[in-house]
$ cat final-v5.txt   # compact mmCIF, C-alpha atoms
# COMPACT_ATOMS: atom_id res chain seq x y z
CA MET A 1 66.40 -33.60 -41.71
CA THR A 2 67.53 -33.58 -38.12
CA ILE A 3 70.61 -31.76 -36.94
CA GLU A 4 72.50 -32.98 -33.89
CA SER A 5 75.35 -31.48 -31.88
CA ARG A 6 76.99 -31.55 -28.48
CA LEU A 7 75.67 -28.03 -27.76
CA SER A 8 72.74 -27.39 -25.50
CA PRO A 9 69.53 -27.01 -27.51
CA LEU A 10 68.44 -23.51 -28.39
CA ASP A 11 65.28 -22.56 -26.49
CA GLU A 12 63.55 -19.73 -28.34
CA GLU A 13 61.56 -18.75 -25.24
CA ARG A 14 64.78 -18.20 -23.25
CA MET A 15 66.79 -16.46 -25.95
CA GLU A 16 68.55 -13.25 -25.06
CA PRO A 17 67.50 -10.21 -27.10
CA GLN A 18 70.90 -10.24 -28.87
CA GLN A 19 70.39 -13.87 -29.83
CA ARG A 20 66.92 -13.09 -31.18
CA ARG A 21 68.27 -10.16 -33.22
CA VAL A 22 71.03 -12.29 -34.77
CA LEU A 23 68.66 -15.20 -35.37
CA ASP A 24 66.26 -12.87 -37.19
CA ALA A 25 69.14 -11.49 -39.28
CA ILE A 26 70.29 -14.99 -40.24
CA LEU A 27 66.77 -16.19 -41.06
CA GLY A 28 66.02 -13.01 -43.02
CA GLY A 29 69.30 -13.12 -44.97
CA PRO A 30 70.31 -15.10 -48.06
CA ARG A 31 70.71 -18.36 -46.10
CA GLY A 32 67.22 -18.34 -44.62
CA ASN A 33 68.03 -21.06 -42.08
CA LEU A 34 69.92 -21.73 -38.88
CA ASP A 35 72.09 -24.54 -40.17
CA GLY A 36 75.73 -25.52 -39.89
CA PRO A 37 77.98 -23.40 -37.68
CA PHE A 38 75.19 -20.99 -36.79
CA LEU A 39 73.80 -23.63 -34.44
CA ALA A 40 76.98 -23.09 -32.40
CA TRP A 41 77.60 -19.42 -33.03
CA ILE A 42 74.12 -18.35 -31.91
CA HIS A 43 75.30 -19.26 -28.38
CA SER A 44 77.64 -16.25 -28.74
CA PRO A 45 75.48 -13.64 -30.46
CA GLU A 46 78.33 -11.21 -31.16
CA LEU A 47 80.41 -13.91 -32.86
CA ALA A 48 77.33 -15.10 -34.75
CA ASP A 49 76.55 -11.55 -35.91
CA HIS A 50 80.04 -10.89 -37.26
CA ALA A 51 80.47 -14.39 -38.69
CA GLN A 52 77.14 -14.44 -40.48
CA ARG A 53 77.90 -11.16 -42.23
CA LEU A 54 81.39 -12.31 -43.23
CA GLY A 55 79.99 -15.66 -44.35
CA ALA A 56 77.31 -14.04 -46.48
CA PHE A 57 80.02 -12.03 -48.25
CA CYS A 58 82.34 -15.04 -48.68
CA ARG A 59 79.58 -17.19 -50.10
CA TYR A 60 77.55 -14.70 -52.11
CA GLY A 61 79.55 -11.50 -52.62
CA THR A 62 83.06 -12.22 -53.88
CA ARG A 63 84.34 -11.54 -57.38
CA LEU A 64 84.83 -15.28 -57.89
CA GLU A 65 82.44 -17.41 -59.88
CA LEU A 66 80.17 -19.46 -57.61
CA ARG A 67 81.80 -22.59 -59.06
CA LEU A 68 85.22 -21.52 -57.74
CA THR A 69 83.88 -20.40 -54.37
CA GLU A 70 82.11 -23.71 -53.88
CA LEU A 71 85.24 -25.60 -54.93
CA ALA A 72 87.25 -23.72 -52.28
CA ILE A 73 84.55 -24.54 -49.71
CA LEU A 74 84.42 -28.21 -50.70
CA PHE A 75 88.23 -28.44 -50.64
CA THR A 76 88.17 -26.97 -47.13
CA ALA A 77 85.46 -29.38 -45.99
CA ALA A 78 87.51 -32.31 -47.27
CA TRP A 79 90.75 -30.98 -45.77
CA TRP A 80 89.16 -30.60 -42.33
CA GLN A 81 86.98 -33.71 -42.77
CA SER A 82 83.98 -31.64 -41.79
CA GLN A 83 80.92 -33.82 -42.26
CA ALA A 84 78.21 -31.16 -42.08
CA GLU A 85 80.16 -28.65 -44.21
CA TRP A 86 80.60 -31.32 -46.89
CA GLN A 87 76.95 -32.39 -46.72
CA ILE A 88 75.77 -28.80 -47.08
CA HIS A 89 78.12 -27.76 -49.90
CA GLU A 90 78.62 -30.93 -51.97
CA PRO A 91 75.26 -30.61 -53.79
CA ILE A 92 75.78 -26.86 -54.22
CA ALA A 93 79.23 -27.44 -55.74
CA ARG A 94 77.81 -30.03 -58.13
CA GLU A 95 75.01 -27.66 -59.17
CA ALA A 96 77.56 -24.85 -59.64
CA GLY A 97 79.44 -26.98 -62.18
CA ILE A 98 82.13 -28.88 -60.29
CA ALA A 99 82.67 -32.22 -62.06
CA GLU A 100 81.62 -35.40 -60.29
CA ALA A 101 85.15 -36.81 -60.63
CA VAL A 102 86.60 -33.77 -58.83
CA ILE A 103 84.03 -34.03 -56.03
CA GLU A 104 84.72 -37.74 -55.58
CA ALA A 105 88.51 -37.26 -55.56
CA LEU A 106 88.24 -34.56 -52.90
CA ARG A 107 85.95 -36.74 -50.80
CA GLU A 108 88.40 -39.63 -51.03
CA GLY A 109 91.41 -37.43 -50.25
CA ARG A 110 92.93 -37.94 -53.69
CA GLU A 111 94.37 -35.27 -55.95
CA PRO A 112 91.69 -34.43 -58.51
CA THR A 113 92.28 -34.35 -62.25
CA PHE A 114 90.91 -31.05 -63.48
CA GLU A 115 89.51 -30.13 -66.86
CA ARG A 116 89.60 -26.43 -65.95
CA ASP A 117 92.83 -24.61 -65.11
CA ASP A 118 91.10 -22.13 -62.77
CA GLU A 119 89.80 -24.99 -60.62
CA ALA A 120 93.26 -26.58 -60.41
CA LEU A 121 94.65 -23.20 -59.37
CA VAL A 122 92.09 -22.78 -56.58
CA VAL A 123 92.95 -26.20 -55.16
CA ARG A 124 96.72 -25.63 -55.48
CA LEU A 125 96.33 -22.33 -53.63
CA GLY A 126 94.23 -23.92 -50.90
CA GLU A 127 96.58 -26.87 -50.50
CA SER A 128 99.63 -24.59 -50.25
CA LEU A 129 97.88 -22.36 -47.75
CA TYR A 130 96.69 -25.22 -45.54
CA ARG A 131 99.77 -27.44 -45.86
CA THR A 132 102.56 -24.81 -45.57
CA ARG A 133 100.57 -21.85 -44.23
CA ARG A 134 102.15 -19.83 -47.06
CA VAL A 135 101.83 -19.29 -50.82
CA ASP A 136 105.08 -18.95 -52.74
CA ASP A 137 105.76 -16.07 -55.14
CA THR A 138 105.18 -18.14 -58.29
CA LEU A 139 101.79 -19.48 -57.19
CA TYR A 140 100.77 -16.05 -55.89
CA ALA A 141 101.65 -14.40 -59.22
CA GLU A 142 99.76 -17.09 -61.11
CA ALA A 143 96.66 -16.58 -58.96
CA VAL A 144 96.77 -12.78 -59.33
CA ALA A 145 97.21 -13.12 -63.12
CA ALA A 146 94.23 -15.49 -63.32
CA PHE A 147 91.80 -13.87 -60.89
CA GLY A 148 93.07 -10.37 -60.09
CA GLU A 149 94.44 -9.19 -56.78
CA PRO A 150 91.08 -8.33 -55.14
CA ALA A 151 89.68 -11.78 -55.99
CA VAL A 152 92.79 -13.49 -54.55
CA VAL A 153 92.29 -11.53 -51.31
CA GLU A 154 88.66 -12.68 -51.28
CA LEU A 155 89.64 -16.30 -52.06
CA VAL A 156 92.00 -16.35 -49.09
CA GLY A 157 89.08 -14.99 -47.05
CA VAL A 158 86.88 -17.86 -48.29
CA PHE A 159 89.51 -20.41 -47.25
CA GLY A 160 89.88 -18.75 -43.84
CA TYR A 161 86.18 -18.35 -43.16
CA TYR A 162 85.32 -21.92 -44.15
CA ALA A 163 88.22 -23.26 -42.04
CA LEU A 164 86.53 -21.48 -39.11
CA VAL A 165 83.24 -23.09 -40.15
CA ALA A 166 84.85 -26.54 -40.33
CA MET A 167 86.53 -26.14 -36.94
CA THR A 168 83.24 -25.02 -35.39
CA LEU A 169 81.32 -27.93 -36.89
CA ASN A 170 83.98 -30.43 -35.85
CA VAL A 171 84.45 -29.20 -32.27
CA PHE A 172 80.74 -28.98 -31.53
CA GLU A 173 80.00 -32.16 -33.49
CA VAL A 174 77.32 -30.58 -35.62
CA ARG A 175 75.92 -33.40 -37.72
CA ARG A 176 73.18 -33.48 -40.28
CA GLY A 177 71.01 -36.45 -39.44
CA SER A 178 70.29 -37.79 -42.91
CA GLY A 179 72.42 -39.21 -45.64
CA PRO A 180 75.72 -41.03 -45.60
CA LEU A 181 78.75 -39.52 -43.93
CA PRO A 182 81.31 -38.54 -46.56
CA PHE A 183 84.42 -39.19 -44.43
CA ASP A 184 85.49 -41.79 -41.95
CA GLU A 185 85.54 -40.35 -38.46
CA PRO A 186 89.04 -39.17 -37.55
CA PRO A 187 90.89 -41.31 -35.02
CA ALA A 188 90.29 -40.47 -31.37
CA GLY A 189 93.14 -38.92 -29.36

$ encode --input "final-v5.txt" --output "C-alpha cells"
Amino acid sequence: MTIESRLSPLDEERMEPQQRRVLDAILGGPRGNLDGPFLAWIHSPELADHAQRLGAFCRYGTRLELRLTELAILFTAAWWQSQAEWQIHEPIAREAGIAEAVIEALREGREPTFERDDEALVVRLGESLYRTRRVDDTLYAEAVAAFGEPAVVELVGVFGYYALVAMTLNVFEVRRGSGPLPFDEPPAG
C-alpha cells in the first residue's frame, strides 16, 4: 500500500536526532508503523512525540471497550470526512464488533440504527460535542451513569485526539493509495 501526501518526503539519512528518536518510539510502540498523521507530525518531532503518546493512550489505554473507542474514532472520521482515518479504522471497528449497518450509515452520513444502547450513547455524545461544542446536563448524566466519570473524560479525549488526527490528515492530504475512498471529496473553496 502506498501512502501519499502534500508533505515533503521523509529522508531517513537527513533526519534530525529528535526525529529519529520519535520515529523509533513510534515504530517500537503498539502501532509499529509510521502511518496516518505520523507522516505529518514527524516533521515536528516534539508534536509527534506528545501526540503519539496521547494517541497510544486514547486508542489502547482507556477504560472504554475497544468497540466503543473504535466507534468514536469512526464517527470522527465520518464527521471530518477523513479518508485515511476511515480507511485505517473501518476494518478495526468491524473486527471490534461494530455492526456493518452502523458502519455503512456513518460512511453515508446517515443516522445509524443501533442494537446496543452504549453505541447510540457514544454517537449522541460525539454528535452533540461536534455540532454544538457542548454536551447538555441530561446527556452528560446519562453518559456518566453508563460509563463512569473517568471513562467519559477519556471518551472526550478520544473525540478530541481523533479530531486532531482528522484535521492533520485532511490538511496535509494524507491518502492511503489502495482501496476505494469512503467519502466524496469535499467541495473546493

$ closest_residue --input "final-v5.txt" --among "A:Leu39, A:Ala145, A:Ala48, A:Leu64" --to "Ala84 of chain A" --atoms "all atoms listed in the file"
A:Leu39

$ atom_distance --input "final-v5.txt" --atom1 "atom CA of Glu173 of chain A" --atom2 "atom CA of Ser8 of chain A"
11.8 Å

$ closest_residue --input "final-v5.txt" --among "A:Glu85, A:Glu111, A:Glu46, A:Asp137" --to "Leu23 of chain A" --atoms "all atoms listed in the file"
A:Glu46

$ residues_around --input "final-v5.txt" --residues "Leu129 of chain A" --least-positions-apart "4" --cutoff "12 Å" --atoms "only C-alpha atoms" --output "number ranges by chain"
A: 72, 75-76, 79, 122-125, 133-136, 139-140, 155-160, 163

$ closest_residue --input "final-v5.txt" --among "A:Arg94, A:Arg107, A:Ala25, A:Ile88" --to "Pro37 of chain A" --atoms "only C-alpha atoms"
A:Ile88

$ atom_distance --input "final-v5.txt" --atom1 "atom CA of Asp117 of chain A" --atom2 "atom CA of Trp86 of chain A"
22.9 Å

$ atom_distance --input "final-v5.txt" --atom1 "atom CA of Leu169 of chain A" --atom2 "atom CA of Leu27 of chain A"
19.2 Å

$ residues_around --input "final-v5.txt" --residues "Ala101 of chain A" --least-positions-apart "2" --cutoff "8 Å" --atoms "all atoms listed in the file" --output "list in words"
Ala99, Ile103, Glu104, Ala105, Pro112 and Thr113 of chain A

$ decode --input "final-v5.txt" --residues "segment 67-100 of chain A" --atoms "N, CA, C and O atoms" --output "mmCIF file, in the first residue's frame"
data_model
loop_
_atom_site.group_PDB
_atom_site.id
_atom_site.type_symbol
_atom_site.label_atom_id
_atom_site.label_comp_id
_atom_site.auth_asym_id
_atom_site.auth_seq_id
_atom_site.Cartn_x
_atom_site.Cartn_y
_atom_site.Cartn_z
ATOM 1 N N ARG A 67 -14.512 -1.669 21.194
ATOM 2 C CA ARG A 67 -15.651 -1.453 20.298
ATOM 3 C C ARG A 67 -16.136 -0.010 20.380
ATOM 4 O O ARG A 67 -16.395 0.634 19.362
ATOM 5 N N LEU A 68 -16.236 0.540 21.580
ATOM 6 C CA LEU A 68 -16.726 1.911 21.756
ATOM 7 C C LEU A 68 -15.687 2.940 21.349
ATOM 8 O O LEU A 68 -16.022 3.974 20.760
ATOM 9 N N THR A 69 -14.430 2.655 21.632
ATOM 10 C CA THR A 69 -13.360 3.555 21.192
ATOM 11 C C THR A 69 -13.322 3.628 19.674
ATOM 12 O O THR A 69 -13.262 4.712 19.088
ATOM 13 N N GLU A 70 -13.384 2.488 19.032
ATOM 14 C CA GLU A 70 -13.342 2.465 17.565
ATOM 15 C C GLU A 70 -14.585 3.113 16.960
ATOM 16 O O GLU A 70 -14.500 3.750 15.913
ATOM 17 N N LEU A 71 -15.729 2.991 17.615
ATOM 18 C CA LEU A 71 -16.928 3.676 17.136
ATOM 19 C C LEU A 71 -16.728 5.187 17.206
ATOM 20 O O LEU A 71 -17.074 5.908 16.259
ATOM 21 N N ALA A 72 -16.178 5.683 18.309
ATOM 22 C CA ALA A 72 -15.909 7.119 18.437
ATOM 23 C C ALA A 72 -14.929 7.577 17.355
ATOM 24 O O ALA A 72 -15.103 8.650 16.767
ATOM 25 N N ILE A 73 -13.918 6.769 17.072
ATOM 26 C CA ILE A 73 -12.941 7.110 16.035
ATOM 27 C C ILE A 73 -13.611 7.118 14.659
ATOM 28 O O ILE A 73 -13.418 8.049 13.869
ATOM 29 N N LEU A 74 -14.403 6.103 14.373
ATOM 30 C CA LEU A 74 -15.074 6.026 13.075
ATOM 31 C C LEU A 74 -16.077 7.161 12.903
ATOM 32 O O LEU A 74 -16.179 7.756 11.820
ATOM 33 N N PHE A 75 -16.809 7.494 13.973
ATOM 34 C CA PHE A 75 -17.733 8.627 13.928
ATOM 35 C C PHE A 75 -16.964 9.909 13.596
ATOM 36 O O PHE A 75 -17.394 10.711 12.769
ATOM 37 N N THR A 76 -15.812 10.080 14.232
ATOM 38 C CA THR A 76 -14.985 11.266 13.985
ATOM 39 C C THR A 76 -14.482 11.289 12.551
ATOM 40 O O THR A 76 -14.517 12.337 11.888
ATOM 41 N N ALA A 77 -14.024 10.159 12.047
ATOM 42 C CA ALA A 77 -13.554 10.086 10.662
ATOM 43 C C ALA A 77 -14.667 10.464 9.695
ATOM 44 O O ALA A 77 -14.442 11.202 8.735
ATOM 45 N N ALA A 78 -15.873 9.986 9.956
ATOM 46 C CA ALA A 78 -17.001 10.312 9.089
ATOM 47 C C ALA A 78 -17.364 11.791 9.213
ATOM 48 O O ALA A 78 -17.620 12.461 8.209
ATOM 49 N N TRP A 79 -17.379 12.309 10.431
ATOM 50 C CA TRP A 79 -17.734 13.711 10.660
ATOM 51 C C TRP A 79 -16.797 14.643 9.900
ATOM 52 O O TRP A 79 -17.220 15.583 9.268
ATOM 53 N N TRP A 80 -15.497 14.343 9.974
ATOM 54 C CA TRP A 80 -14.486 15.182 9.330
ATOM 55 C C TRP A 80 -14.216 14.760 7.888
ATOM 56 O O TRP A 80 -13.385 15.364 7.217
ATOM 57 N N GLN A 81 -14.880 13.722 7.415
ATOM 58 C CA GLN A 81 -14.645 13.147 6.093
ATOM 59 C C GLN A 81 -13.155 12.929 5.859
ATOM 60 O O GLN A 81 -12.582 13.344 4.856
ATOM 61 N N SER A 82 -12.545 12.262 6.801
ATOM 62 C CA SER A 82 -11.113 11.989 6.756
ATOM 63 C C SER A 82 -10.882 10.616 6.130
ATOM 64 O O SER A 82 -11.097 9.580 6.767
ATOM 65 N N GLN A 83 -10.445 10.641 4.870
ATOM 66 C CA GLN A 83 -10.276 9.410 4.102
ATOM 67 C C GLN A 83 -9.349 8.397 4.786
ATOM 68 O O GLN A 83 -9.711 7.249 4.990
ATOM 69 N N ALA A 84 -8.142 8.846 5.102
ATOM 70 C CA ALA A 84 -7.150 7.906 5.652
ATOM 71 C C ALA A 84 -7.577 7.406 7.028
ATOM 72 O O ALA A 84 -7.412 6.225 7.339
ATOM 73 N N GLU A 85 -8.137 8.287 7.860
ATOM 74 C CA GLU A 85 -8.594 7.857 9.189
ATOM 75 C C GLU A 85 -9.670 6.781 9.046
ATOM 76 O O GLU A 85 -9.655 5.777 9.753
ATOM 77 N N TRP A 86 -10.592 6.987 8.110
ATOM 78 C CA TRP A 86 -11.640 5.992 7.877
ATOM 79 C C TRP A 86 -11.020 4.682 7.390
ATOM 80 O O TRP A 86 -11.338 3.605 7.886
ATOM 81 N N GLN A 87 -10.125 4.779 6.398
ATOM 82 C CA GLN A 87 -9.541 3.569 5.829
ATOM 83 C C GLN A 87 -8.740 2.772 6.853
ATOM 84 O O GLN A 87 -8.710 1.548 6.798
ATOM 85 N N ILE A 88 -8.113 3.455 7.792
ATOM 86 C CA ILE A 88 -7.349 2.772 8.827
ATOM 87 C C ILE A 88 -8.286 2.113 9.841
ATOM 88 O O ILE A 88 -8.094 0.957 10.229
ATOM 89 N N HIS A 89 -9.327 2.837 10.269
ATOM 90 C CA HIS A 89 -10.124 2.375 11.413
ATOM 91 C C HIS A 89 -11.388 1.604 11.050
ATOM 92 O O HIS A 89 -11.916 0.885 11.906
ATOM 93 N N GLU A 90 -11.865 1.686 9.823
ATOM 94 C CA GLU A 90 -13.083 0.955 9.462
ATOM 95 C C GLU A 90 -12.918 -0.554 9.663
ATOM 96 O O GLU A 90 -13.761 -1.190 10.297
ATOM 97 N N PRO A 91 -11.839 -1.181 9.190
ATOM 98 C CA PRO A 91 -11.716 -2.623 9.434
ATOM 99 C C PRO A 91 -11.509 -2.959 10.912
ATOM 100 O O PRO A 91 -11.954 -4.013 11.389
ATOM 101 N N ILE A 92 -10.853 -2.071 11.650
ATOM 102 C CA ILE A 92 -10.643 -2.305 13.084
ATOM 103 C C ILE A 92 -11.980 -2.235 13.818
ATOM 104 O O ILE A 92 -12.265 -3.067 14.696
ATOM 105 N N ALA A 93 -12.820 -1.261 13.452
ATOM 106 C CA ALA A 93 -14.142 -1.122 14.075
ATOM 107 C C ALA A 93 -14.995 -2.355 13.799
ATOM 108 O O ALA A 93 -15.674 -2.873 14.695
ATOM 109 N N ARG A 94 -14.949 -2.836 12.573
ATOM 110 C CA ARG A 94 -15.717 -4.034 12.211
ATOM 111 C C ARG A 94 -15.237 -5.222 13.054
ATOM 112 O O ARG A 94 -16.044 -5.962 13.621
ATOM 113 N N GLU A 95 -13.921 -5.390 13.129
ATOM 114 C CA GLU A 95 -13.364 -6.505 13.899
ATOM 115 C C GLU A 95 -13.687 -6.385 15.393
ATOM 116 O O GLU A 95 -13.862 -7.385 16.084
ATOM 117 N N ALA A 96 -13.801 -5.143 15.880
ATOM 118 C CA ALA A 96 -14.117 -4.909 17.296
ATOM 119 C C ALA A 96 -15.590 -5.137 17.609
ATOM 120 O O ALA A 96 -15.977 -5.108 18.781
ATOM 121 N N GLY A 97 -16.424 -5.323 16.577
ATOM 122 C CA GLY A 97 -17.820 -5.661 16.821
ATOM 123 C C GLY A 97 -18.846 -4.619 16.416
ATOM 124 O O GLY A 97 -20.027 -4.762 16.738
ATOM 125 N N ILE A 98 -18.436 -3.591 15.703
ATOM 126 C CA ILE A 98 -19.400 -2.605 15.221
ATOM 127 C C ILE A 98 -20.136 -3.214 14.022
ATOM 128 O O ILE A 98 -19.505 -3.707 13.085
ATOM 129 N N ALA A 99 -21.459 -3.170 14.063
ATOM 130 C CA ALA A 99 -22.288 -3.782 13.020
ATOM 131 C C ALA A 99 -22.059 -3.117 11.670
ATOM 132 O O ALA A 99 -21.849 -1.905 11.579
ATOM 133 N N GLU A 100 -22.147 -3.920 10.628
ATOM 134 C CA GLU A 100 -21.960 -3.433 9.263
ATOM 135 C C GLU A 100 -22.948 -2.313 8.936
ATOM 136 O O GLU A 100 -22.590 -1.329 8.291
#
